[in-house]
Structure formats: structure tokens, C-alpha cells
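J.: I am sharing structure-v2.cif, which consists of mmCIF, C-alpha atoms:
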data_upload
#
loop_
_atom_site.label_atom_id
_atom_site.label_comp_id
_atom_site.auth_asym_id
_atom_site.auth_seq_id
_atom_site.Cartn_x
_atom_site.Cartn_y
_atom_site.Cartn_z
CA MET A 1 50.96 50.32 145.64
CA GLU A 2 49.01 49.94 142.39
CA ASP A 3 49.58 52.66 139.83
CA SER A 4 46.38 54.55 138.98
CA ALA A 5 47.31 54.41 135.30
CA THR A 6 47.03 50.61 135.18
CA PRO A 7 43.89 49.14 133.58
CA SER A 8 42.47 48.24 136.99
CA GLY A 9 43.09 51.78 138.21
CA ILE A 10 41.34 53.20 135.16
CA GLN A 11 38.47 50.79 135.68
CA ARG A 12 38.05 51.90 139.29
CA LEU A 13 37.98 55.52 138.15
CA LEU A 14 35.35 54.73 135.52
CA GLN A 15 33.38 52.79 138.13
CA SER A 16 33.37 55.77 140.50
CA LEU A 17 32.17 58.02 137.68
CA GLY A 18 29.48 55.58 136.57
CA LEU A 19 31.15 55.03 133.18
CA HIS A 20 32.36 51.45 133.58
CA ARG A 21 30.48 50.05 130.56
CA PRO A 22 30.82 51.13 126.91
CA GLU A 23 27.15 52.08 126.57
CA LEU A 24 27.34 54.30 129.65
CA ARG A 25 30.36 56.12 128.22
CA ALA A 26 28.62 56.45 124.85
CA TRP A 27 25.54 57.94 126.53
CA ALA A 28 27.55 60.45 128.56
CA MET A 29 29.60 61.39 125.48
CA TYR A 30 26.49 62.90 123.87
CA ASP A 31 26.38 65.38 126.76
CA TRP A 32 29.98 66.27 125.87
CA ALA A 33 28.86 66.68 122.24
CA ASN A 34 25.71 68.78 122.60
CA SER A 35 26.95 71.00 125.42
CA ALA A 36 29.26 72.70 122.92
CA MET A 37 26.15 73.88 121.09
CA VAL A 38 24.50 75.11 124.29
CA THR A 39 27.69 76.82 125.49
CA ILE A 40 28.73 78.51 122.25
CA ILE A 41 25.52 78.98 120.25
CA VAL A 42 22.93 79.51 122.97
CA THR A 43 25.00 81.15 125.69
CA THR A 44 28.12 82.94 124.45
CA VAL A 45 29.60 83.42 120.99
CA PHE A 46 26.49 83.45 118.83
CA PRO A 47 24.43 85.93 120.96
CA ILE A 48 27.35 88.39 120.94
CA TYR A 49 27.94 87.92 117.20
CA TYR A 50 24.22 88.39 116.57
CA LEU A 51 24.12 91.64 118.55
CA HIS A 52 27.29 93.22 117.12
CA VAL A 53 27.25 91.85 113.56
CA ALA A 54 23.96 90.37 112.37
CA ALA A 55 21.79 92.93 114.18
CA GLU A 56 24.24 95.84 114.06
CA HIS A 57 21.67 98.20 112.51
CA LEU A 58 19.04 97.48 115.17
CA PRO A 59 18.84 99.38 118.47
CA PRO A 60 20.39 97.19 121.18
CA GLY A 61 17.14 96.85 123.11
CA VAL A 62 15.25 95.80 119.99
CA ALA A 63 17.95 93.29 119.05
CA THR A 64 17.86 91.73 122.53
CA GLN A 65 14.06 91.62 122.48
CA ARG A 66 14.00 89.82 119.11
CA PHE A 67 16.59 87.32 120.32
CA ALA A 68 14.41 86.57 123.34
CA ILE A 69 11.39 86.13 121.06
CA ALA A 70 13.36 83.68 118.88
CA THR A 71 14.35 81.73 121.98
CA THR A 72 10.74 81.50 123.12
CA LEU A 73 9.57 80.49 119.64
CA SER A 74 12.06 77.65 119.30
CA LEU A 75 11.18 76.22 122.70
CA LEU A 76 7.46 76.61 122.03
CA LEU A 77 7.65 74.78 118.70
CA VAL A 78 9.44 71.82 120.27
CA ALA A 79 7.22 71.83 123.35
CA VAL A 80 4.16 71.44 121.11
CA VAL A 81 5.39 68.34 119.27
CA ALA A 82 7.81 66.75 121.74
CA PRO A 83 5.26 65.16 124.14
CA LEU A 84 3.58 63.34 121.27
CA LEU A 85 6.90 62.28 119.74
CA GLY A 86 8.08 61.10 123.15
CA ALA A 87 4.96 59.00 123.66
CA LEU A 88 5.31 57.66 120.11
CA ALA A 89 8.90 56.66 120.89
CA ASP A 90 7.58 54.64 123.84
CA SER A 91 5.23 52.80 121.46
CA ALA A 92 7.69 52.03 118.66
CA PRO A 93 11.48 51.49 118.47
CA VAL A 94 12.28 54.97 117.12
CA LYS A 95 14.14 56.73 119.95
CA LYS A 96 17.48 56.75 118.13
CA LEU A 97 15.79 57.62 114.84
CA PHE A 98 14.10 60.70 116.31
CA LEU A 99 17.28 61.67 118.15
CA GLY A 100 19.20 61.42 114.88
CA MET A 101 16.65 63.51 112.99
CA PHE A 102 16.84 66.36 115.49
CA LEU A 103 20.62 66.01 115.64
CA VAL A 104 20.98 66.41 111.86
CA LEU A 105 18.66 69.45 111.87
CA GLY A 106 20.72 71.11 114.60
CA VAL A 107 24.08 70.24 113.07
CA LEU A 108 23.12 71.58 109.62
CA ALA A 109 21.60 74.79 111.03
CA THR A 110 24.66 75.42 113.20
CA GLY A 111 27.04 74.84 110.30
CA ALA A 112 24.98 77.19 108.09
CA MET A 113 25.66 80.02 110.56
CA PHE A 114 28.99 80.37 108.73
CA PHE A 115 27.07 82.35 106.09
CA ILE A 116 25.73 85.02 108.50
CA HIS A 117 27.24 88.45 107.77
CA HIS A 118 26.59 92.07 108.79
CA GLY A 119 22.90 92.94 108.87
CA ASP A 120 21.68 89.36 108.41
CA TRP A 121 19.62 89.35 111.59
CA GLN A 122 16.67 87.50 110.01
CA LEU A 123 18.95 84.71 108.77
CA ALA A 124 20.72 84.60 112.14
CA LEU A 125 17.52 84.22 114.13
CA GLY A 126 16.06 81.71 111.66
CA LEU A 127 19.11 79.46 111.89
CA PHE A 128 19.22 79.90 115.67
CA VAL A 129 15.61 78.72 115.96
CA LEU A 130 16.35 75.64 113.82
CA ALA A 131 19.55 74.83 115.75
CA ASP A 132 17.76 75.24 119.07
CA ILE A 133 14.92 72.98 117.94
CA GLY A 134 17.50 70.39 116.89
CA ALA A 135 19.25 70.49 120.25
CA CYS A 136 16.16 70.55 122.46
CA GLY A 137 14.43 67.88 120.40
CA SER A 138 17.42 65.55 120.64
CA PHE A 139 17.55 66.01 124.43
CA ILE A 140 14.14 64.35 124.81
CA PHE A 141 15.26 61.04 123.36
CA TYR A 142 18.77 61.26 124.78
CA ASP A 143 17.41 61.55 128.32
CA ALA A 144 14.88 58.79 127.68
CA LEU A 145 17.76 56.42 126.81
CA LEU A 146 19.25 56.83 130.28
CA ARG A 147 16.73 54.44 131.82
CA HIS A 148 17.72 51.82 129.26
CA VAL A 149 21.51 52.03 129.60
CA ALA A 150 21.84 52.53 133.37
CA ARG A 151 20.57 50.40 136.24
CA ASP A 152 18.65 51.95 139.14
CA ASP A 153 21.76 52.14 141.30
CA GLU A 154 23.76 53.78 138.48
CA ILE A 155 21.43 56.55 137.32
CA ASP A 156 22.54 59.27 139.75
CA ARG A 157 26.24 58.76 139.01
CA VAL A 158 25.79 58.52 135.24
CA SER A 159 23.54 61.59 135.14
CA THR A 160 25.86 63.68 137.31
CA THR A 161 28.90 62.64 135.28
CA GLY A 162 27.02 63.57 132.12
CA TYR A 163 26.57 67.10 133.48
CA ALA A 164 30.28 67.30 134.35
CA LEU A 165 31.35 66.02 130.92
CA GLY A 166 29.04 68.55 129.34
CA TYR A 167 30.73 71.38 131.20
CA LEU A 168 34.15 70.02 130.24
CA GLY A 169 33.39 69.46 126.56
CA GLY A 170 31.69 72.81 126.11
CA GLY A 171 34.48 74.54 127.98
CA ILE A 172 37.26 72.97 125.91
CA LEU A 173 35.73 73.94 122.57
CA LEU A 174 34.86 77.41 123.85
CA ALA A 175 38.49 77.88 124.95
CA CYS A 176 39.65 76.88 121.45
CA ASN A 177 37.14 79.29 119.91
CA ILE A 178 38.33 82.13 122.11
CA ALA A 179 41.93 81.41 121.12
CA TRP A 180 41.35 81.78 117.39
CA ILE A 181 38.82 84.62 117.72
CA GLU A 182 41.15 86.70 119.88
CA ASN A 183 44.41 85.63 118.17
CA PRO A 184 43.57 84.58 114.60
CA GLN A 185 47.20 84.99 113.48
CA TRP A 186 48.17 82.00 115.64
CA PHE A 187 46.06 79.79 113.39
CA GLY A 188 46.92 81.32 110.04
CA LEU A 189 43.66 83.25 109.88
CA PRO A 190 43.42 86.83 108.53
CA SER A 191 44.47 89.45 111.08
CA GLY A 192 45.32 93.14 111.18
CA SER A 193 43.48 96.41 110.66
CA SER A 194 42.80 96.39 106.91
CA LEU A 195 40.53 93.40 106.64
CA SER A 196 37.34 92.98 104.67
CA GLU A 197 34.08 92.32 106.50
CA ALA A 198 34.26 88.62 105.64
CA GLN A 199 37.84 88.38 106.92
CA GLN A 200 37.00 90.15 110.17
CA THR A 201 34.18 87.76 110.98
CA LEU A 202 35.85 84.60 109.66
CA PRO A 203 37.20 83.35 113.05
CA THR A 204 33.78 83.60 114.68
CA ARG A 205 32.02 82.02 111.73
CA LEU A 206 34.53 79.17 111.87
CA ALA A 207 33.60 78.76 115.53
CA PHE A 208 30.05 77.98 114.43
CA VAL A 209 31.36 75.35 112.01
CA SER A 210 33.49 73.84 114.78
CA VAL A 211 30.38 73.43 116.96
CA SER A 212 28.60 71.66 114.11
CA LEU A 213 31.46 69.21 113.61
CA TRP A 214 32.04 68.68 117.35
CA TRP A 215 28.35 67.97 117.95
CA PHE A 216 28.15 65.48 115.07
CA VAL A 217 31.43 63.60 115.65
CA PHE A 218 31.02 63.05 119.39
CA ALA A 219 27.40 61.94 118.92
CA ILE A 220 28.53 58.96 116.83
CA PRO A 221 29.39 56.66 119.83
CA LEU A 222 25.79 56.85 121.03
CA PHE A 223 24.49 55.46 117.74
CA LEU A 224 27.20 52.78 117.57
CA ARG A 225 27.24 51.58 121.17
CA ILE A 226 23.65 51.91 122.37
CA ALA A 227 21.05 49.51 121.01
CA GLU A 228 17.57 50.77 120.24
CA PRO A 229 15.43 49.84 123.28
CA SER A 230 12.99 47.05 122.45
CA ILE A 231 9.26 47.67 122.48
CA GLU A 232 6.89 44.85 123.42
CA THR A 233 4.56 45.47 120.48
CA ALA A 234 7.34 46.14 117.98
CA GLU A 235 6.95 42.79 116.26
CA HIS A 236 3.38 43.62 115.23
CA ARG A 237 4.58 46.70 113.35
CA PRO A 238 1.31 48.69 113.68
CA ARG A 239 0.75 51.39 111.14
CA LEU A 240 1.46 55.03 111.85
CA PRO A 241 -2.17 56.03 112.60
CA VAL A 242 -2.40 53.24 115.18
CA LEU A 243 0.94 54.25 116.68
CA ALA A 244 -0.21 57.86 116.87
CA ARG A 245 -3.44 56.90 118.64
CA ASN A 246 -1.50 54.72 121.06
CA ALA A 247 0.93 57.55 121.71
CA VAL A 248 -1.86 60.02 122.46
CA ARG A 249 -3.52 57.52 124.81
CA ARG A 250 -0.20 56.76 126.51
CA LEU A 251 0.51 60.48 126.98
CA ARG A 252 -2.96 61.06 128.43
CA ASP A 253 -2.60 58.12 130.82
CA THR A 254 0.80 59.36 131.98
CA TYR A 255 -0.55 62.83 132.79
CA ARG A 256 -3.49 61.30 134.64
CA SER A 257 -1.22 58.99 136.57
CA LEU A 258 0.99 61.89 137.64
CA ARG A 259 -1.95 63.41 139.54
CA GLU A 260 -1.88 60.47 141.94
CA TYR A 261 1.59 61.47 143.09
CA LYS A 262 0.93 64.76 144.84
CA HIS A 263 4.47 65.52 145.97
CA ALA A 264 6.11 64.39 142.75
CA LEU A 265 3.70 66.70 140.92
CA LEU A 266 4.54 69.57 143.28
CA MET A 267 8.24 68.90 142.69
CA LEU A 268 7.68 68.97 138.94
CA ALA A 269 5.78 72.28 139.23
CA ALA A 270 8.49 73.79 141.42
CA PHE A 271 11.16 72.71 138.97
CA LEU A 272 9.22 74.17 136.05
CA ALA A 273 9.18 77.52 137.85
CA TYR A 274 12.72 77.91 139.12
CA ASN A 275 14.34 76.19 136.15
CA ASP A 276 12.63 78.79 133.97
CA GLY A 277 14.70 81.38 135.81
CA ILE A 278 17.86 79.31 135.42
CA GLY A 279 17.23 78.82 131.70
CA THR A 280 16.60 82.53 131.15
CA ILE A 281 19.91 83.45 132.77
CA ILE A 282 21.74 80.85 130.67
CA ARG A 283 20.20 82.06 127.42
CA LEU A 284 20.22 85.82 127.91
CA ALA A 285 23.30 86.50 130.06
CA ALA A 286 25.74 87.15 127.22
CA ILE A 287 23.46 89.31 125.09
CA TYR A 288 22.39 91.29 128.18
CA GLY A 289 26.02 91.89 129.12
CA ALA A 290 26.87 92.91 125.55
CA GLU A 291 23.96 95.34 125.46
CA ILE A 292 25.12 97.21 128.57
CA GLY A 293 28.63 97.56 127.11
CA ILE A 294 30.77 94.72 128.46
CA ASP A 295 33.56 93.71 126.07
CA SER A 296 32.86 90.50 124.14
CA GLY A 297 36.18 88.97 125.21
CA ALA A 298 35.30 89.51 128.86
CA LEU A 299 31.83 88.07 128.32
CA ILE A 300 33.06 84.91 126.66
CA GLY A 301 35.91 84.48 129.13
CA SER A 302 33.54 84.83 132.08
CA ILE A 303 31.15 82.25 130.72
CA LEU A 304 34.11 79.94 130.12
CA VAL A 305 34.66 80.22 133.87
CA VAL A 306 31.13 78.86 134.39
CA GLN A 307 32.06 75.72 132.49
CA PHE A 308 35.11 74.86 134.55
CA VAL A 309 33.73 75.97 137.92
CA GLY A 310 30.67 73.83 137.21
CA ILE A 311 32.66 70.59 136.88
CA PRO A 312 33.71 70.17 140.54
CA CYS A 313 30.74 72.08 141.93
CA SER A 314 28.25 69.68 140.36
CA ILE A 315 29.98 66.88 142.27
CA LEU A 316 30.23 68.92 145.48
CA PHE A 317 26.49 69.63 145.37
CA GLY A 318 25.95 65.88 145.58
CA VAL A 319 28.18 65.72 148.66
CA LEU A 320 26.29 68.60 150.28
CA ALA A 321 22.99 66.84 149.58
CA GLY A 322 24.31 63.83 151.49
CA TRP A 323 24.84 66.07 154.52
CA ILE A 324 21.72 68.26 154.58
CA GLY A 325 19.39 66.62 152.05
CA ALA A 326 18.64 67.33 148.41
CA LYS A 327 15.73 69.69 149.08
CA ARG A 328 17.74 71.99 151.37
CA THR A 329 20.66 71.93 148.95
CA ILE A 330 18.37 73.03 146.11
CA TYR A 331 17.10 75.83 148.37
CA SER A 332 20.66 77.04 148.84
CA GLY A 333 21.07 77.13 145.06
CA LEU A 334 17.89 79.17 144.64
CA VAL A 335 19.06 81.69 147.25
CA VAL A 336 22.28 82.14 145.28
CA TYR A 337 20.26 82.61 142.10
CA LEU A 338 18.19 85.33 143.76
CA GLY A 339 21.43 87.13 144.58
CA ILE A 340 22.68 86.62 141.02
CA THR A 341 19.56 88.22 139.56
CA ILE A 342 19.73 91.24 141.88
CA LEU A 343 23.44 91.73 141.18
CA ALA A 344 22.76 91.46 137.43
CA TYR A 345 20.33 94.37 137.70
CA TYR A 346 23.14 96.58 139.00
CA LEU A 347 25.77 95.13 136.63
CA GLN A 348 28.23 97.77 135.40
CA ASN A 349 31.55 96.21 134.39
CA ALA A 350 33.44 93.08 133.39
CA THR A 351 34.68 92.36 136.92
CA GLN A 352 31.13 92.19 138.23
CA PHE A 353 30.14 89.95 135.33
CA PHE A 354 33.03 87.64 136.19
CA VAL A 355 31.79 87.40 139.80
CA LEU A 356 28.31 86.56 138.54
CA ALA A 357 29.81 83.87 136.30
CA VAL A 358 31.55 82.23 139.28
CA LEU A 359 28.30 82.29 141.27
CA VAL A 360 26.38 80.69 138.40
CA GLY A 361 29.05 78.00 138.06
CA LEU A 362 28.72 77.21 141.76
CA VAL A 363 25.04 76.30 141.61
CA GLN A 364 23.86 75.72 138.03
CA GLY A 365 24.70 72.05 137.38
CA GLY A 366 24.19 70.89 140.95
CA THR A 367 20.74 72.46 141.28
CA GLN A 368 19.52 70.85 138.07
CA ALA A 369 21.07 67.44 138.79
CA LEU A 370 19.63 67.24 142.31
CA SER A 371 16.21 68.31 141.05
CA ARG A 372 16.21 65.33 138.70
CA SER A 373 17.27 62.83 141.36
CA LEU A 374 14.80 64.21 143.94
CA PHE A 375 11.94 63.81 141.48
CA ALA A 376 13.12 60.29 140.64
CA SER A 377 12.94 59.27 144.30
CA MET A 378 9.22 60.09 144.43
CA ILE A 379 7.99 58.06 141.46
CA PRO A 380 7.43 54.27 141.17
CA ARG A 381 10.05 52.20 139.40
CA ARG A 382 7.64 50.58 136.95
CA GLN A 383 6.54 53.97 135.58
CA SER A 384 9.89 55.70 135.84
CA THR A 385 10.51 55.89 132.08
CA GLU A 386 7.27 57.76 131.42
CA PHE A 387 7.70 60.09 134.39
CA PHE A 388 11.30 60.75 133.45
CA ALA A 389 10.21 61.66 129.94
CA LEU A 390 7.91 64.33 131.41
CA PHE A 391 10.62 65.60 133.74
CA SER A 392 13.14 65.70 130.93
CA LEU A 393 10.68 67.69 128.84
CA SER A 394 10.22 70.14 131.72
CA GLU A 395 13.98 70.48 132.18
CA LYS A 396 14.70 71.31 128.56
CA PHE A 397 11.72 73.53 127.81
CA SER A 398 11.05 75.31 131.08
CA GLY A 399 13.16 78.21 129.81
CA MET A 400 10.28 79.29 127.58
CA LEU A 401 8.32 81.57 129.92
CA GLY A 402 11.39 83.38 131.24
CA PRO A 403 12.42 84.92 127.88
CA LEU A 404 8.74 85.72 127.28
CA PHE A 405 8.49 87.60 130.59
CA PHE A 406 11.82 89.26 129.85
CA THR A 407 10.55 90.42 126.43
CA ALA A 408 7.27 91.70 127.85
CA THR A 409 9.05 93.59 130.64
CA VAL A 410 11.49 95.20 128.21
CA TYR A 411 8.58 96.18 125.97
CA LEU A 412 6.60 97.73 128.83
CA THR A 413 9.48 99.46 130.60
CA GLY A 414 12.01 100.01 127.81
CA SER A 415 14.79 98.58 129.99
CA SER A 416 16.62 95.25 129.77
CA ARG A 417 17.67 95.73 133.41
CA ASN A 418 14.02 95.55 134.44
CA GLY A 419 13.68 92.51 132.19
CA ILE A 420 16.44 90.65 133.98
CA LEU A 421 14.96 91.64 137.36
CA SER A 422 11.64 90.02 136.39
CA VAL A 423 13.38 86.63 136.53
CA ILE A 424 13.28 86.83 140.35
CA ALA A 425 9.61 85.86 140.21
CA PHE A 426 10.46 82.40 138.90
CA PHE A 427 12.86 81.64 141.74
CA VAL A 428 10.38 82.90 144.36
CA VAL A 429 7.46 80.89 142.96
CA GLY A 430 9.66 77.82 142.55
CA GLY A 431 10.89 78.10 146.13
CA ILE A 432 7.34 78.42 147.47
CA LEU A 433 6.19 75.34 145.56
CA LEU A 434 9.26 73.40 146.67
CA SER A 435 8.46 74.23 150.31
CA LYS A 436 5.18 72.34 149.93
CA VAL A 437 6.91 69.15 148.79
CA ASN A 438 6.99 66.52 151.53
CA VAL A 439 9.87 64.39 150.29
CA GLU A 440 9.46 61.54 152.76
CA GLU A 441 5.72 61.25 152.15
CA GLY A 442 6.30 61.29 148.38
CA ARG A 443 8.93 58.56 148.62
CA ARG A 444 6.78 56.49 150.96
CA TYR A 445 3.81 56.58 148.59
CA ALA A 446 5.96 55.62 145.60
CA ARG A 447 7.39 52.65 147.51
CA GLN A 448 3.85 51.57 148.47
CA ILE A 449 2.95 51.47 144.79
CA ASP A 450 6.12 49.50 144.06
CA ASN A 451 5.24 46.95 146.73
CA ARG A 452 1.58 46.70 145.70
CA GLU A 453 2.11 46.25 141.97
CA PRO A 454 4.09 43.33 140.59
CA GLY A 455 7.37 44.02 138.67
#
Using the file provided, produce a representation of the structure as C-alpha cells.
T.:
Amino acid sequence: MEDSATPSGIQRLLQSLGLHRPELRAWAMYDWANSAMVTIIVTTVFPIYYLHVAAEHLPPGVATQRFAIATTLSLLLVAVVAPLLGALADSAPVKKLFLGMFLVLGVLATGAMFFIHHGDWQLALGLFVLADIGACGSFIFYDALLRHVARDDEIDRVSTTGYALGYLGGGILLACNIAWIENPQWFGLPSGSSLSEAQQTLPTRLAFVSVSLWWFVFAIPLFLRIAEPSIETAEHRPRLPVLARNAVRRLRDTYRSLREYKHALLMLAAFLAYNDGIGTIIRLAAIYGAEIGIDSGALIGSILVVQFVGIPCSILFGVLAGWIGAKRTIYSGLVVYLGITILAYYLQNATQFFVLAVLVGLVQGGTQALSRSLFASMIPRRQSTEFFALFSLSEKFSGMLGPLFFTATVYLTGSSRNGILSVIAFFVVGGILLSKVNVEEGRRYARQIDNREPG
């Protein structure tokens, strides 16, 4: 019997995960890198630190509302410029350049969070907006590279493994952060009862620095191992105004083309709706829990559970889709999310929050991964890069309306519980739109286009 630790055994493992070539591993490693930012800055440590330290003089409801506004603002700013930048990147060899620019912005903003102290809520939200823009902007060009590093028969495996690596990487760094935040004396950090303000917050502020370094270091393989995709007109080196006009025309043509694919368009609309609900839960869960009085250690520990539950469950969702179909499997995820939202409305203690975390871990990665692959099956191969760019944009920025609805509901009702309940609307609307998607008809039409058009 061949030992699994031999090179051939390792190669078979990498093959099964879709990571059998260096460029595939380098691509997936960026998911490992940036998920630390999403896990620690967007979801857990930073929102709690903002509420209890940076915004300590603000009423909890006001602090939560302003955090939601900052979230909406960052996504809105990127959503305005990203389609044009994405189209420009399809007209000139600048995908890695743009990815690097957003990466540097996010890394610097995250590292600068070390300087946030008590009462610095304006600085905290300003840096959060910049870090979020950096992350979301980099996702556009990262996802676009997938079509260039993976073959058609590899995309599902590589994408799913990227999700799993993201959960693992974010979970490992979060576990390290929890260790030195809860037990600073283990790491030679100041501890005890007679500490200055700067000493008390030092472990958490170092967590922000660790995210910055983690994000930057593990992004390096992508830039070293993945070549900039070639562009047919690159040798002509058109000037920026010409490139901009070409990008606008390309973007317009892509949107027009999408209208021809009724069921792919319906799938995209459904995903925009229900992923808005998913994104809102990801971004506001920790600060909502902190506002209603759940201990920060319990909050962070529960969200750590999401990371490690999500690793096998993302893979299991793919198995379930093989049995009952991707559409029905997504439906099952949305039903769970409806239950999560209702339970969150009645949330009272850390045990209940832990249960919610397990439920989120069960369905979060799988629902998003299957949505991507289902959409991919209903678009023609020759236009897949452009359609995937639109879908990627929807995936990363569809969390914009949810925080906006949350903020409006809190403003009108004065209750964050009502705000979290408003998220149900996104899952209901998304489910209704998904019900109108005829998957087989959408796939059949896409294949007809493939057969009719050369290439």
C-alpha cells in the first residue's frame, strides 16, 4: 500500500482539491490571505473593538447604525468604480496591477488600525471604509483571474477549495488573535488590573497589525506565480482615453448581452437578493450581538466556529447538490437562513449565539459556492470571463442594501432587533426569483450559443 505522505500521494490529494499546479495553489492562497481580513476586521474583532472602545461614548444603537452606514458607504464607493475598472482590465493587461493597488490600500488601512484608541470612532470608521474598499476592490480582479488559471473542468474544484482555504486561514489567525487577546501574559504582553488604556487595548490592536501582515505575505504567491493574462490589443498600447472608451463600450455590451440569457439573468437577480441577506448577517452579526450584551469572548469564539464548521460543510454542500441538484440545495440553505434571522431576533445569550454560528457555518460557504457554479452553467463559454466579472461584482457588493435597510429600520423603529428581522425580506425575494429560474432551459440556450458561434 502506498503511503499517502509520498509525493504521489500528495499529488493525488492536490489533484482532488484542484490544486495540482503552482498557479492554482497561488490563486487559492489569496483566499487564505484575504479571508483573515473579512473574518477579523469585517466580522469579529474590529466591530466589537469599535463598539466598546472607539465608540464607547456613543449610545449602542447609534454606534451600530454608524457602523452599518460605513459598511454601505464602502461597498457603494467600490460598486461605482469597479465595473469600469473591471472592463478596463479586460481591455489592457492591468488585472494584477489593479489587484495590487487595492491590496496595498487595504493592507495599509488595516495596519493603521493599531492607532485607534478610546473615543476614536471617526478614525475607526474611516480606516474601516478604506480597508473594506481595498478588500472588495481586490476581489474583483482576483475572481477574474480564475478563468485564466483554471480550465473549464477545474473551476468548480478550485473555487470550492478557495472557499475552504479561506475559512481555514481566517480561522487560524482568528484563533491566534483570541489566544493573545484573552491571555496576553502567554505572549509577554501587558496583563493585570492596573494597566493604562494603551496597554489594555494593545493585544487587540496587535491583532489588526497581524491581519495586515497576514494579508500581504500570503498574497505574494499570486503575484509571483500567476502571469498577467494577455490582451489581444495589448501590443498597440492605446492611450488611457481610448482604453476608457473601450472599457465603457465593453461594459455596455456585456450588460446588453446578459439580457439575452433570461434564466442566467434571473439567477443573477436572485443571487443579488439573497446574498444581500447573507452579507448583512456576516457584517453585522458581531456588533449586533455585542449591542445586546453578549460577551466579546463568546462572540469571537462563536464566529470562530463558523470558520471551522464551514470547511467540511462547503464540500458537503457540493455532495448534496450532486444528489438533489444545485437549485434545491440552495433553497435548503435559504430556509436555514430564514430560521437564523428569526432566531437572531429573539437572541438573548451566548449559547443561542453559538447555535446561530453553527447554523451559519452549515450553509454560508456552500450556498455561495453553488450559486456561482449554477450561474456558470447557464452562460456561454466564449463570454464566461465577462459574465463571471459581473457575477463576482454581485457576490462581493450585494451586501450593500442589507446594511442600508438595517440602518433605516433601526432609525424608524429604534430597535436593532427589528433591523435584523428586516433581513428576512432579502431571503424571501431571492427565493421567489430563484423559483423562476429554469436551469435546464438556461443551460440548453447557453449550449446552443456555444454550438452556433465558433470558438
J.: Do you know which residues are at most 12 Å from Leu412 in chain A counting all atoms listed in the file, after dropping those on the same chain fewer than 6 positions away, and could you put them as a list in words?
T.: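 Those residues are Gln65, Phe405, Phe406, Asn418, Gly419 and Ser422 of chain A.
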J.: Those same residues - C-alpha atoms - I'd like them written as a tab-separated table (two decimals), keeping the file's coordinate frame.
T.:
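Okay, this is what ended up in out21.tsv:
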chain	number	residue	atom	x	y	z
A	65	GLN	CA	14.06	91.62	122.48
A	405	PHE	CA	8.49	87.60	130.59
A	406	PHE	CA	11.82	89.26	129.85
A	418	ASN	CA	14.02	95.55	134.44
A	419	GLY	CA	13.68	92.51	132.19
A	422	SER	CA	11.64	90.02	136.39
J.: For the provided coordinates, the residues matched by the PyMOL selection byres ((chain A and resi 214) around 12) should be stated as a PyMOL selection string.
T.: chain A and resi 29-37+40+103+106-107+110-111+169-170+172-174+176+207-213+215-220
J.: To one decimal place in Å, what is the distance between CA of Trp180 in chain A and CA of Leu299 in chain A?
T.: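 Between these atoms lies a distance of 15.8 Å.
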J.: What is the distance between CA of Thr407 in chain A and CA of Tyr288 in chain A, in Å to one decimal?
T.: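 Separation between CA of Thr407 in chain A and CA of Tyr288 in chain A: 12.0 Å.
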J.: For the structure provided, state which residues fall under the PyMOL selection byres ((chain A and resi 307-310) around 12), and present them as a ChimeraX atom specification.
T.: /A:32,35-36,38-40,43-44,160-161,163-175,282,300-306,311-317,354-369
J.: Name the residues that the PyMOL selection byres ((chain A and resi 119) around 8) pulls out of this structure, and write them as number ranges by chain.
T.: A: 53-57, 117-118, 120-121
J.: Please, what distance in Å, to one decimal, runs between CA of Ile140 in chain A and CA of Pro47 in chain A?
T.: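 So the answer is 24.2 Å.
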J.: For Pro403 in chain A, which residue out of A:Ile324, A:Ile116, A:Ile178, A:Ile420 is the nearest one, using all atoms listed in the file?
T.: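 Of A:Ile324, A:Ile116, A:Ile178, A:Ile420, the one nearest Pro403 in chain A is A:Ile420, counting all atoms listed in the file.
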J.: Could you tell me which of A:Val94, A:Val149, A:Leu17, A:Ala124 comes closest to Gly162 in chain A if we count only C-alpha atoms?
T.: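 Distance minimum relative to Gly162 in chain A lands on A:Leu17.
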J.: Point out the residue among A:Gly100, A:Ser194, A:Glu182, A:Tyr50 with the least atom-to-atom distance to Leu127 in chain A, counting all atoms listed in the file.
T.: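 Distance minimum relative to Leu127 in chain A lands on A:Tyr50.
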J.: Excluding range 424-441 of chain A and any residue of its chain fewer than 2 positions from it, enumerate the residues within 8 Å of it, using all atoms listed in the file, and give them as a ChimeraX atom specification.
T.: /A:263-264,266-267,269-277,327,331,334,337-338,341-342,378,402,421-422,443-445
J.: Considering all atoms listed in the file, return as a list in words whatever protein or nucleic-acid residues lie within 8 Å of Trp27 in chain A, sequence-local ones (same chain, fewer than 3 positions apart) excluded.
T.: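 Close residues of Trp27 in chain A: Glu23, Leu24, Tyr30, Asp31, Tyr142, Leu145, Leu146, Val149, Pro221, Leu222 and Ile226 of chain A.
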J.: Determine the nearest neighbour of Leu58 in chain A from the options A:Ala70, A:Ala285, A:Glu291, A:Trp323, counting all atoms listed in the file.
T.: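 Using all atoms listed in the file, the shortest distance to Leu58 in chain A belongs to A:Glu291.
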J.: Looking at only C-alpha atoms, which of A:Pro59, A:Pro203, A:Pro184, A:Pro22 is the one that sits closest to Ala150 in chain A?
T.: A:Pro22
J.: Calculated over only C-alpha atoms, which of the candidates A:Gln122, A:Thr72, A:Ser138, A:Ser415 has the smallest distance to Met101 in chain A?
T.: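 Result for the nearest residue to Met101 in chain A: A:Ser138.
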J.: Have range 31-41 of chain A completed to N, CA and C atoms, please, and pass it along as a short mmCIF file (atom, residue, chain, number, x, y, z; two decimals), keeping the file's coordinate frame.
T.:
data_model
loop_
_atom_site.label_atom_id
_atom_site.label_comp_id
_atom_site.auth_asym_id
_atom_site.auth_seq_id
_atom_site.Cartn_x
_atom_site.Cartn_y
_atom_site.Cartn_z
N ASP A 31 26.41 64.14 125.97
CA ASP A 31 26.38 65.38 126.76
C ASP A 31 27.59 66.23 126.43
N TRP A 32 28.75 65.59 126.31
CA TRP A 32 29.98 66.27 125.87
C TRP A 32 29.76 66.92 124.51
N ALA A 33 29.06 66.21 123.61
CA ALA A 33 28.86 66.68 122.24
C ALA A 33 27.91 67.87 122.19
N ASN A 34 26.72 67.73 122.78
CA ASN A 34 25.71 68.78 122.60
C ASN A 34 25.94 70.00 123.48
N SER A 35 26.71 69.85 124.56
CA SER A 35 26.95 71.00 125.42
C SER A 35 27.77 72.07 124.73
N ALA A 36 28.54 71.69 123.71
CA ALA A 36 29.26 72.70 122.92
C ALA A 36 28.27 73.62 122.23
N MET A 37 27.17 73.06 121.73
CA MET A 37 26.15 73.88 121.09
C MET A 37 25.51 74.82 122.11
N VAL A 38 25.14 74.29 123.27
CA VAL A 38 24.50 75.11 124.29
C VAL A 38 25.45 76.21 124.76
N THR A 39 26.72 75.85 124.98
CA THR A 39 27.69 76.82 125.49
C THR A 39 28.01 77.92 124.49
N ILE A 40 28.22 77.56 123.24
CA ILE A 40 28.73 78.51 122.25
C ILE A 40 27.62 79.18 121.45
N ILE A 41 26.60 78.42 121.07
CA ILE A 41 25.52 78.98 120.25
C ILE A 41 24.44 79.64 121.10
#
